[in-house]
>>> print(open('data_4.tsv').read())   # TSV, C-alpha atoms and all ligand atoms
chain	number	residue	atom	x	y	z
A	18	MET	CA	8.84	13.33	3.30
A	19	THR	CA	7.62	16.87	3.14
A	20	THR	CA	4.86	19.20	4.16
A	21	ARG	CA	3.44	19.50	0.64
A	22	LEU	CA	2.41	15.87	0.55
A	23	ALA	CA	1.00	16.22	4.01
A	24	ARG	CA	-1.13	19.15	2.89
A	25	LEU	CA	-2.50	17.40	-0.15
A	26	THR	CA	-3.02	14.00	1.36
A	27	PHE	CA	-3.33	13.80	5.11
A	28	GLY	CA	-3.40	17.54	5.76
A	29	GLY	CA	-5.93	18.11	3.01
A	30	LEU	CA	-7.94	15.19	4.24
A	31	GLY	CA	-7.97	16.63	7.73
A	32	ARG	CA	-9.44	19.89	6.46
A	33	ARG	CA	-12.11	18.03	4.53
A	34	VAL	CA	-13.20	15.79	7.36
A	35	ALA	CA	-16.19	17.98	8.13
A	36	ASP	CA	-17.50	18.02	4.57
A	37	ALA	CA	-17.87	16.01	1.42
A	38	THR	CA	-15.10	13.46	1.87
A	39	LYS	CA	-16.09	12.27	5.29
A	40	PRO	CA	-16.48	8.69	4.01
A	41	LEU	CA	-12.80	8.76	2.96
A	42	TRP	CA	-11.79	9.58	6.50
A	43	ARG	CA	-13.97	6.84	7.85
A	44	ARG	CA	-12.41	4.42	5.41
A	45	ARG	CA	-9.01	5.36	6.74
A	46	GLU	CA	-10.12	4.78	10.31
A	47	PHE	CA	-11.60	1.50	9.15
A	48	LEU	CA	-8.28	0.50	7.62
A	49	GLY	CA	-6.60	1.38	10.86
A	50	THR	CA	-8.98	-0.97	12.63
A	51	ILE	CA	-8.21	-3.74	10.16
A	52	ALA	CA	-4.52	-3.09	10.72
A	53	ALA	CA	-4.91	-3.41	14.46
A	54	GLY	CA	-6.93	-6.61	14.03
A	55	ALA	CA	-4.37	-8.15	11.72
A	56	ILE	CA	-1.63	-7.37	14.17
A	57	ALA	CA	-3.55	-8.87	17.04
A	58	GLY	CA	-3.97	-12.00	14.95
A	59	SER	CA	-1.47	-13.35	12.48
A	60	PHE	CA	1.29	-10.82	13.06
A	61	ALA	CA	1.40	-10.91	16.84
A	62	VAL	CA	3.63	-13.96	16.85
A	63	ALA	CA	7.00	-14.19	18.49
A	64	GLN	CA	7.81	-10.49	18.31
A	65	GLU	CA	10.23	-10.93	21.18
A	66	THR	CA	12.32	-13.54	19.41
A	67	LYS	CA	12.50	-11.60	16.14
A	68	GLY	CA	15.18	-9.22	17.33
A	69	GLN	CA	17.33	-12.10	18.53
A	70	GLU	CA	16.93	-13.90	15.20
A	71	ALA	CA	17.92	-10.75	13.33
A	72	THR	CA	21.26	-10.59	15.11
A	73	ALA	CA	21.98	-14.18	14.05
A	74	GLN	CA	21.05	-13.52	10.41
A	75	ARG	CA	23.62	-13.07	7.68
A	76	GLU	CA	25.25	-9.72	7.09
A	77	VAL	CA	23.57	-8.02	4.13
A	78	ARG	CA	25.09	-4.55	4.46
A	79	LEU	CA	27.41	-4.11	1.50
A	80	GLU	CA	29.92	-1.96	3.35
A	81	PHE	CA	30.53	-4.68	5.95
A	82	LEU	CA	31.33	-7.48	3.48
A	83	ARG	CA	34.66	-8.84	2.26
A	84	PRO	CA	34.94	-9.72	-1.46
A	85	LYS	CA	34.41	-13.48	-0.95
A	86	GLU	CA	31.19	-13.09	1.06
A	87	LEU	CA	30.00	-10.38	-1.29
A	88	LYS	CA	30.50	-12.63	-4.33
A	89	GLU	CA	28.71	-15.52	-2.64
A	90	ALA	CA	25.73	-13.34	-1.76
A	91	GLN	CA	25.68	-11.90	-5.28
A	92	THR	CA	25.76	-15.35	-6.85
A	93	SER	CA	22.90	-16.54	-4.72
A	94	CYS	CA	20.73	-13.44	-5.37
A	95	PRO	CA	22.11	-10.67	-7.61
A	96	THR	CA	19.78	-7.94	-6.32
A	97	ILE	CA	20.98	-4.78	-4.62
A	98	PHE	CA	18.90	-2.37	-2.56
A	99	GLN	CA	19.70	1.34	-2.45
A	100	PRO	CA	17.94	3.11	0.45
A	101	LEU	CA	17.45	6.88	0.07
A	102	GLY	CA	16.62	9.57	2.60
A	103	THR	CA	17.93	12.83	3.92
A	104	ILE	CA	18.49	14.80	7.10
A	105	GLU	CA	15.15	16.43	7.87
A	106	TRP	CA	13.02	17.62	10.77
A	107	HIS	CA	10.35	15.00	11.53
A	108	GLY	CA	8.75	16.62	14.60
A	109	VAL	CA	10.25	17.00	18.05
A	110	HIS	CA	9.52	13.34	18.76
A	111	ASN	CA	11.56	11.83	15.89
A	112	VAL	CA	15.24	11.73	14.97
A	113	VAL	CA	16.27	13.75	11.91
A	114	GLY	CA	17.48	10.72	9.97
A	115	VAL	CA	14.04	9.05	9.84
A	116	ASP	CA	13.83	8.80	6.05
A	117	SER	CA	17.20	7.12	5.50
A	118	VAL	CA	17.30	4.85	8.54
A	119	LYS	CA	13.70	3.74	7.93
A	120	ALA	CA	14.38	2.85	4.28
A	121	HIS	CA	17.64	1.13	5.23
A	122	ALA	CA	16.02	-1.01	7.93
A	123	LEU	CA	13.26	-2.12	5.53
A	124	CYS	CA	15.82	-3.05	2.85
A	125	VAL	CA	17.97	-4.95	5.37
A	126	ARG	CA	14.97	-6.97	6.55
A	127	ALA	CA	13.95	-7.76	2.98
A	128	ALA	CA	17.49	-8.84	2.04
A	129	GLN	CA	17.77	-11.02	5.12
A	130	LYS	CA	14.48	-12.62	4.21
A	131	ALA	CA	15.01	-13.10	0.48
A	132	GLY	CA	18.63	-12.54	-0.43
A	133	GLY	CA	20.38	-9.62	-2.03
A	134	LEU	CA	22.57	-6.94	-0.53
A	135	VAL	CA	21.94	-3.43	0.78
A	136	ALA	CA	24.07	-0.43	-0.20
A	137	PRO	CA	24.69	2.25	2.43
A	138	PRO	CA	21.79	4.72	2.65
A	139	LEU	CA	22.16	7.96	0.77
A	140	TYR	CA	21.54	11.08	2.87
A	141	GLY	CA	20.43	13.93	0.66
A	142	GLY	CA	17.82	14.43	-2.03
A	143	VAL	CA	15.22	16.76	-3.47
A	144	GLY	CA	13.53	19.10	-0.99
A	145	GLY	CA	12.84	19.07	2.72
A	146	VAL	CA	10.59	20.89	5.17
A	147	ASP	CA	11.20	24.50	6.15
A	148	GLN	CA	12.31	23.63	9.68
A	149	PRO	CA	15.61	23.48	11.57
A	150	HIS	CA	18.08	20.63	11.10
A	151	THR	CA	16.97	20.01	7.53
A	152	PHE	CA	19.49	19.74	4.71
A	153	VAL	CA	17.82	20.85	1.47
A	154	MET	CA	20.11	19.75	-1.34
A	155	GLU	CA	17.76	20.64	-4.20
A	156	PRO	CA	14.55	22.73	-4.41
A	157	GLU	CA	11.41	21.01	-3.07
A	158	ASP	CA	9.23	20.95	-6.18
A	159	SER	CA	11.93	20.85	-8.84
A	160	VAL	CA	12.00	17.80	-11.05
A	161	PHE	CA	15.13	19.18	-12.70
A	162	SER	CA	17.49	17.39	-10.38
A	163	LYS	CA	21.14	18.23	-10.87
A	164	LEU	CA	22.49	16.22	-7.96
A	165	LEU	CA	20.31	13.23	-7.16
A	166	ARG	CA	19.57	12.14	-10.73
A	167	PRO	CA	23.17	11.84	-11.99
A	168	TRP	CA	24.25	10.36	-8.66
A	169	LEU	CA	21.62	7.62	-8.95
A	170	GLU	CA	22.47	7.01	-12.61
A	171	GLN	CA	26.10	6.45	-11.81
A	172	LEU	CA	25.25	4.25	-8.83
A	173	CYS	CA	23.07	2.07	-11.07
A	174	ARG	CA	25.77	1.84	-13.72
A	175	GLU	CA	28.36	0.80	-11.16
A	176	MET	CA	26.02	-1.71	-9.54
A	177	ALA	CA	25.34	-3.31	-12.93
A	178	ARG	CA	29.04	-3.25	-13.81
A	179	ASP	CA	29.77	-5.02	-10.52
A	180	GLY	CA	27.45	-7.88	-11.44
A	181	PHE	CA	24.12	-7.02	-9.85
A	182	ARG	CA	21.17	-7.97	-12.05
A	183	ALA	CA	18.36	-6.08	-10.31
A	184	ILE	CA	18.30	-2.80	-8.39
A	185	ILE	CA	15.68	-1.62	-5.91
A	186	ILE	CA	15.94	2.05	-4.98
A	187	LEU	CA	13.74	2.62	-1.94
A	188	THR	CA	13.22	6.22	-0.92
A	189	GLY	CA	12.02	6.97	2.60
A	190	HIS	CA	12.02	10.68	1.72
A	191	TYR	CA	9.11	11.58	-0.49
A	192	GLY	CA	8.39	15.01	-1.77
A	193	ALA	CA	6.68	14.77	-5.16
A	194	ALA	CA	9.78	15.82	-7.08
A	195	GLN	CA	11.95	13.35	-5.16
A	196	GLN	CA	9.54	10.55	-6.09
A	197	ILE	CA	9.41	11.60	-9.74
A	198	VAL	CA	13.19	11.87	-10.05
A	199	VAL	CA	13.72	8.47	-8.40
A	200	ARG	CA	11.13	6.62	-10.49
A	201	GLU	CA	12.03	8.34	-13.74
A	202	THR	CA	15.71	7.56	-13.25
A	203	ALA	CA	14.88	3.93	-12.46
A	204	VAL	CA	12.78	3.60	-15.63
A	205	ARG	CA	15.50	5.11	-17.79
A	206	MET	CA	18.24	3.00	-16.22
A	207	SER	CA	16.14	-0.15	-16.66
A	208	ARG	CA	16.06	0.61	-20.37
A	209	ALA	CA	19.69	1.64	-20.64
A	210	LEU	CA	21.17	-1.22	-18.59
A	211	GLY	CA	18.76	-3.97	-19.64
A	212	ILE	CA	18.12	-4.99	-16.02
A	213	PRO	CA	15.13	-4.11	-13.82
A	214	VAL	CA	15.59	-1.01	-11.68
A	215	LEU	CA	12.67	-0.14	-9.41
A	216	GLY	CA	12.61	3.33	-7.85
A	217	THR	CA	9.78	3.87	-5.39
A	218	PRO	CA	8.92	5.39	-2.04
A	219	GLU	CA	8.28	2.70	0.55
A	220	TYR	CA	4.70	3.81	1.30
A	221	MET	CA	3.62	2.88	-2.24
A	222	LEU	CA	4.10	-0.76	-1.26
A	223	ALA	CA	1.75	-0.38	1.73
A	224	LEU	CA	-1.18	1.61	0.33
A	225	ASP	CA	-3.47	-1.38	0.87
A	226	VAL	CA	-2.84	-1.33	4.62
A	227	GLY	CA	-3.81	2.32	4.78
A	228	TYR	CA	-0.44	4.06	4.63
A	229	THR	CA	-0.44	6.75	1.94
A	230	GLY	CA	2.69	8.56	3.13
A	231	ASP	CA	2.95	11.24	5.78
A	232	HIS	CA	5.57	13.36	7.48
A	233	GLY	CA	6.58	12.44	11.02
A	234	ALA	CA	2.90	11.63	11.69
A	235	TRP	CA	1.07	8.35	12.36
A	236	GLY	CA	2.73	6.33	9.59
A	237	GLU	CA	6.38	7.34	9.81
A	238	THR	CA	6.29	7.50	13.60
A	239	SER	CA	4.70	4.04	13.82
A	240	LEU	CA	7.34	2.66	11.47
A	241	MET	CA	10.09	4.14	13.62
A	242	MET	CA	8.48	2.80	16.80
A	243	HIS	CA	8.67	-0.65	15.27
A	244	LEU	CA	12.04	-0.44	13.48
A	245	TYR	CA	13.96	1.65	16.05
A	246	PRO	CA	11.86	1.71	19.25
A	247	GLY	CA	14.32	3.78	21.28
A	248	THR	CA	14.33	6.69	18.84
A	249	VAL	CA	10.73	7.91	19.30
A	250	ASP	CA	9.72	10.08	22.27
A	251	LEU	CA	6.02	10.91	22.02
A	252	SER	CA	6.16	12.68	25.39
A	253	GLN	CA	7.96	15.59	23.70
A	254	LEU	CA	4.85	16.36	21.64
A	255	GLY	CA	2.39	18.96	22.91
A	256	GLU	CA	-1.08	19.51	21.50
A	257	PRO	CA	-1.66	19.46	17.72
A	258	PRO	CA	-0.89	20.98	15.30
A	259	HIS	CA	2.64	19.66	15.76
A	260	LYS	CA	5.36	21.75	14.15
A	261	GLY	CA	6.67	20.22	10.92
A	262	VAL	CA	4.41	17.19	11.13
A	263	GLY	CA	1.87	16.33	8.44
A	264	GLY	CA	-0.75	13.64	8.80
A	265	ARG	CA	-2.67	11.86	11.52
A	266	ASP	CA	-1.70	12.89	15.04
A	267	PRO	CA	1.24	10.68	16.05
A	268	LYS	CA	0.69	11.36	19.74
A	269	LYS	CA	-2.82	9.90	19.64
A	270	GLU	CA	-2.46	7.29	16.92
A	271	ALA	CA	1.10	6.06	16.37
A	272	SER	CA	1.98	2.60	17.65
A	273	ALA	CA	4.66	-0.02	17.19
A	274	GLU	CA	1.91	-2.47	16.23
A	275	ASP	CA	0.76	-0.34	13.30
A	276	GLY	CA	4.41	0.15	12.36
A	277	ARG	CA	4.87	-3.57	12.31
A	278	LEU	CA	1.97	-4.16	9.94
A	279	ILE	CA	3.23	-1.45	7.57
A	280	ALA	CA	6.81	-2.75	7.76
A	281	GLU	CA	5.83	-6.42	7.30
A	282	THR	CA	3.77	-5.49	4.24
A	283	ILE	CA	6.59	-3.52	2.64
A	284	VAL	CA	9.28	-6.08	3.51
A	285	SER	CA	7.28	-9.02	2.16
A	286	ARG	CA	6.84	-7.25	-1.19
A	287	LEU	CA	10.47	-6.19	-1.37
A	288	ALA	CA	11.52	-9.76	-0.60
A	289	VAL	CA	9.45	-11.20	-3.44
A	290	LEU	CA	10.77	-8.56	-5.83
A	291	ALA	CA	14.39	-9.17	-4.77
A	292	GLN	CA	14.04	-12.83	-5.70
A	293	LYS	CA	11.99	-12.41	-8.86
A	294	MET	CA	13.46	-9.36	-10.55
A	295	PRO	CA	16.82	-10.88	-11.56
A	296	THR	CA	14.97	-13.81	-13.19
A	297	TRP	CA	12.66	-11.75	-15.41
A	298	ASP	CA	12.93	-12.37	-19.12
A	299	TYR	CA	12.97	-9.40	-21.49
A	300	LYS	CA	9.24	-9.60	-22.13
A	301	THR	CA	8.54	-9.28	-18.39
A	302	LEU	CA	11.15	-6.55	-18.07
A	303	ASP	CA	9.49	-4.60	-20.88
A	304	SER	CA	6.04	-4.88	-19.24
A	305	PHE	CA	7.51	-3.72	-15.92
A	306	ILE	CA	9.20	-0.75	-17.58
A	307	ASP	CA	6.02	0.08	-19.46
A	308	ALA	CA	3.94	0.16	-16.25
A	309	GLU	CA	6.50	2.19	-14.31
A	310	ALA	CA	6.94	4.61	-17.21
A	311	THR	CA	3.17	5.09	-17.35
A	312	LEU	CA	3.08	5.89	-13.63
A	313	VAL	CA	5.91	8.40	-13.71
A	314	ALA	CA	4.61	10.01	-16.90
A	315	LYS	CA	1.28	10.62	-15.16
A	316	GLN	CA	2.97	12.02	-12.05
A	317	LEU	CA	5.12	14.32	-14.14
A	318	SER	CA	2.47	15.52	-16.57
A	319	ALA	CA	-0.68	15.75	-14.42
A	320	PRO	CA	-0.01	19.38	-13.31
A	321	ARG	CA	0.08	20.39	-17.02
A	322	GLY	CA	2.75	22.92	-16.16
A	323	LYS	CA	0.46	25.02	-13.94
A	324	ASP	CA	-1.22	22.97	-11.20
A	325	ALA	CA	0.39	21.72	-7.99
A	326	ILE	CA	3.13	19.17	-8.45
A	327	TRP	CA	1.08	16.85	-6.21
A	328	THR	CA	-1.84	16.70	-8.66
A	329	ALA	CA	-1.36	13.00	-9.51
A	330	TRP	CA	-1.29	12.06	-5.82
A	331	ARG	CA	-4.74	13.30	-4.82
A	332	ASN	CA	-6.34	9.96	-5.48
A	333	ILE	CA	-3.36	7.70	-4.90
A	334	GLY	CA	-4.69	5.82	-1.86
A	335	ARG	CA	-7.66	4.56	-3.85
A	336	ALA	CA	-6.40	4.38	-7.45
A	337	MET	CA	-3.07	2.72	-6.63
A	338	ARG	CA	-4.26	0.82	-3.57
A	339	ASP	CA	-3.09	-2.55	-4.91
A	340	TYR	CA	0.17	-1.33	-6.46
A	341	GLY	CA	2.44	-3.20	-4.01
A	342	LYS	CA	0.64	-6.46	-4.55
A	343	GLN	CA	0.41	-6.04	-8.31
A	344	LEU	CA	4.11	-5.23	-8.55
A	345	ALA	CA	5.12	-8.25	-6.45
A	346	GLU	CA	2.86	-10.50	-8.51
A	347	GLY	CA	3.99	-9.11	-11.85
A	348	ARG	CA	0.50	-7.81	-12.77
A	349	PHE	CA	1.90	-4.86	-14.69
A	350	GLU	CA	-1.08	-4.36	-17.00
A	351	GLU	CA	-3.25	-3.81	-13.91
A	352	ILE	CA	-0.84	-1.15	-12.67
A	353	LYS	CA	-1.31	0.70	-15.96
A	354	THR	CA	-5.09	0.54	-15.53
A	355	SER	CA	-4.78	1.95	-12.00
A	356	VAL	CA	-2.58	4.80	-13.23
A	357	ALA	CA	-5.38	5.89	-15.54
A	358	GLU	CA	-7.51	6.54	-12.43
A	359	LEU	CA	-4.99	8.93	-10.87
B	401	ZN	ZN	9.99	11.29	6.27
>>> encode(input="data_4.tsv", output="structure tokens")
Amino acid sequence: MTTRLARLTFGGLGRRVADATKPLWRRREFLGTIAAGAIAGSFAVAQETKGQEATAQREVRLEFLRPKELKEAQTSCPTIFQPLGTIEWHGVHNVVGVDSVKAHALCVRAAQKAGGLVAPPLYGGVGGVDQPHTFVMEPEDSVFSKLLRPWLEQLCREMARDGFRAIIILTGHYGAAQQIVVRETAVRMSRALGIPVLGTPEYMLALDVGYTGDHGAWGETSLMMHLYPGTVDLSQLGEPPHKGVGGRDPKKEASAEDGRLIAETIVSRLAVLAQKMPTWDYKTLDSFIDAEATLVAKQLSAPRGKDAIWTAWRNIGRAMRDYGKQLAEGRFEEIKTSVAEL
């Protein structure tokens, strides 16, 4: 993701620690404690064997399938995941492909758990931090996407034409404009194609375990420590502030255990959605579209043409805390109620 979000969420929070919003910070620390407790309990089971199991699991990466296996997978669960990211600086301790490889790994785990297939990750999107080794394909705060939007539209059309009946676009790169473009395109394609298309950043599915999105900080670094342990080198970090990092200090706070809780939460919700979405009737589809359209409309309109593009995110950790759960459980009316609090 990008520095803007970091400034308005974690970065902004950091500045406010000493004043009025101190309880918010404490709540976040509290959530971190819950996360650690949960990991020590129910999640700390057979971590060692998981990697071995994964290698024995079926191939879900679209590009590695022959037509027969592809058709079989499609027949059993006609959902396709499209991971999104970019090439972007994520601190000296992280690889530059964090956003894409993180989203891809989460989609692969969900597909292996629930069914469905995973398209190759897309590298490139809206915005990126002002640091080396960052490919900025479109301006950071511009919702007028000329590259990503039509590319996603055509991908969705081709996926539907190929027989997929639900599409989950998961972006691991999340500037505000990137998020708006992805969700807005998904809403419009759901309407146009008559199948559910969800377009969301992965952190939105883990707000209730305390991850509200950051940039190369506690959350993303923890996720990478869990998903790709060999890629993170915390020893390369000096003292904060860390260049091009936004959020809680990864050197002090990031851990594979926290990454596992965040990843498990996201994957479990994606897995439920992958199974349910192709079975939705039109009434359910319409309620889903209605809720998603309400969310993106708020994100797009909240600045009223003059405030920061991040205006609708200032309260996201509290207002949309249960979004992942509500989405997985089909409680779309509740999502609309939460959006009103943004
Ligand atoms: Zn990122």
>>> atom_distance(input="data_4.tsv", atom1="CA of Thr103 in chain A", atom2="CA of Leu287 in chain A")
21.1 Å
>>> residues_near_ligand(input="data_4.tsv", ligand="ligand ZN 401 (chain B)", cutoff="7 Å", atoms="all atoms listed in the file", output="PDB file with C-alpha atoms, keeping the file's coordinate frame")
ATOM      1  CA  MET A  18       8.840  13.330   3.300  1.00  0.00           C
ATOM      2  CA  THR A  19       7.620  16.870   3.140  1.00  0.00           C
ATOM      3  CA  HIS A 107      10.350  15.000  11.530  1.00  0.00           C
ATOM      4  CA  VAL A 115      14.040   9.050   9.840  1.00  0.00           C
ATOM      5  CA  ASP A 116      13.830   8.800   6.050  1.00  0.00           C
ATOM      6  CA  GLY A 189      12.020   6.970   2.600  1.00  0.00           C
ATOM      7  CA  HIS A 190      12.020  10.680   1.720  1.00  0.00           C
ATOM      8  CA  TYR A 191       9.110  11.580  -0.490  1.00  0.00           C
ATOM      9  CA  HIS A 232       5.570  13.360   7.480  1.00  0.00           C
ATOM     10  CA  GLY A 233       6.580  12.440  11.020  1.00  0.00           C
ATOM     11  CA  GLU A 237       6.380   7.340   9.810  1.00  0.00           C
TER      12      GLU A 237
END
>>> closest_residue(input="data_4.tsv", among="A:Asp275, A:Val146, A:Pro246, A:Ile97", to="Leu187 in chain A", atoms="only C-alpha atoms")
A:Ile97
>>> residues_around(input="data_4.tsv", residues="range 342-356 of chain A", least_positions_apart="2", cutoff="6 Å", atoms="only C-alpha atoms", output="PyMOL selection string")
chain A and resi 286+290+305+308+312+336-337+339-340+358-359
>>> closest_residue(input="data_4.tsv", among="A:Leu251, A:Ala291, A:Arg338, A:Pro320", to="Val109 in chain A", atoms="only C-alpha atoms")
A:Leu251
>>> residues_near_point(input="data_4.tsv", point="(2.7, 14.4, -5.6)", cutoff="8 Å", atoms="all atoms listed in the file", output="list in words")
Leu22, Gly192, Ala193, Ala194, Gln196, Gln316, Ile326, Trp327, Thr328, Ala329, Trp330 and Arg331 of chain A
>>> residues_around(input="data_4.tsv", residues="Leu215 in chain A", least_positions_apart="4", cutoff="6 Å", atoms="all atoms listed in the file", output="short mmCIF file (atom, residue, chain, number, x, y, z; two decimals) with C-alpha atoms, keeping the file's coordinate frame")
data_model
loop_
_atom_site.label_atom_id
_atom_site.label_comp_id
_atom_site.auth_asym_id
_atom_site.auth_seq_id
_atom_site.Cartn_x
_atom_site.Cartn_y
_atom_site.Cartn_z
CA ILE A 185 15.68 -1.62 -5.91
CA ILE A 186 15.94 2.05 -4.98
CA ALA A 203 14.88 3.93 -12.46
#
>>> closest_residue(input="data_4.tsv", among="A:Ala209, A:Cys94, A:Ala280, A:Ala288", to="Tyr245 in chain A", atoms="only C-alpha atoms")
A:Ala280
>>> closest_residue(input="data_4.tsv", among="A:Ile283, A:Gly102, A:Ala122, A:Met206", to="Val153 in chain A", atoms="all atoms listed in the file")
A:Gly102
>>> atom_distance(input="data_4.tsv", atom1="CA of Val143 in chain A", atom2="CA of Leu101 in chain A")
10.7 Å
>>> atom_distance(input="data_4.tsv", atom1="CA of Gly133 in chain A", atom2="CA of Glu175 in chain A")
16.0 Å
>>> residues_around(input="data_4.tsv", residues="Arg178 in chain A", least_positions_apart="4", cutoff="12 Å", atoms="only C-alpha atoms", output="NGL selection string")
:A and (95 or 171-174 or 182-183 or 210-212)
>>> residues_around(input="data_4.tsv", residues="Met241 in chain A", least_positions_apart="3", cutoff="9 Å", atoms="all atoms listed in the file", output="PDB file with C-alpha atoms, in the coordinates of the input")
ATOM      1  CA  ASN A 111      11.560  11.830  15.890  1.00  0.00           C
ATOM      2  CA  VAL A 115      14.040   9.050   9.840  1.00  0.00           C
ATOM      3  CA  VAL A 118      17.300   4.850   8.540  1.00  0.00           C
ATOM      4  CA  LYS A 119      13.700   3.740   7.930  1.00  0.00           C
ATOM      5  CA  GLY A 236       2.730   6.330   9.590  1.00  0.00           C
ATOM      6  CA  GLU A 237       6.380   7.340   9.810  1.00  0.00           C
ATOM      7  CA  THR A 238       6.290   7.500  13.600  1.00  0.00           C
ATOM      8  CA  LEU A 244      12.040  -0.440  13.480  1.00  0.00           C
ATOM      9  CA  TYR A 245      13.960   1.650  16.050  1.00  0.00           C
ATOM     10  CA  PRO A 246      11.860   1.710  19.250  1.00  0.00           C
ATOM     11  CA  GLY A 247      14.320   3.780  21.280  1.00  0.00           C
ATOM     12  CA  THR A 248      14.330   6.690  18.840  1.00  0.00           C
ATOM     13  CA  VAL A 249      10.730   7.910  19.300  1.00  0.00           C
ATOM     14  CA  ALA A 273       4.660  -0.020  17.190  1.00  0.00           C
ATOM     15  CA  GLY A 276       4.410   0.150  12.360  1.00  0.00           C
TER      16      GLY A 276
END
>>> residues_around(input="data_4.tsv", residues="Arg265 in chain A", least_positions_apart="4", cutoff="8 Å", atoms="all atoms listed in the file", output="number ranges by chain")
A: 27, 234-236, 270
>>> closest_residue(input="data_4.tsv", among="A:Arg75, A:Pro213, A:His110, A:Tyr220", to="Asp266 in chain A", atoms="all atoms listed in the file")
A:His110
>>> closest_residue(input="data_4.tsv", among="A:Ala128, A:Val199, A:Val113, A:Pro267", to="Ser93 in chain A", atoms="all atoms listed in the file")
A:Ala128
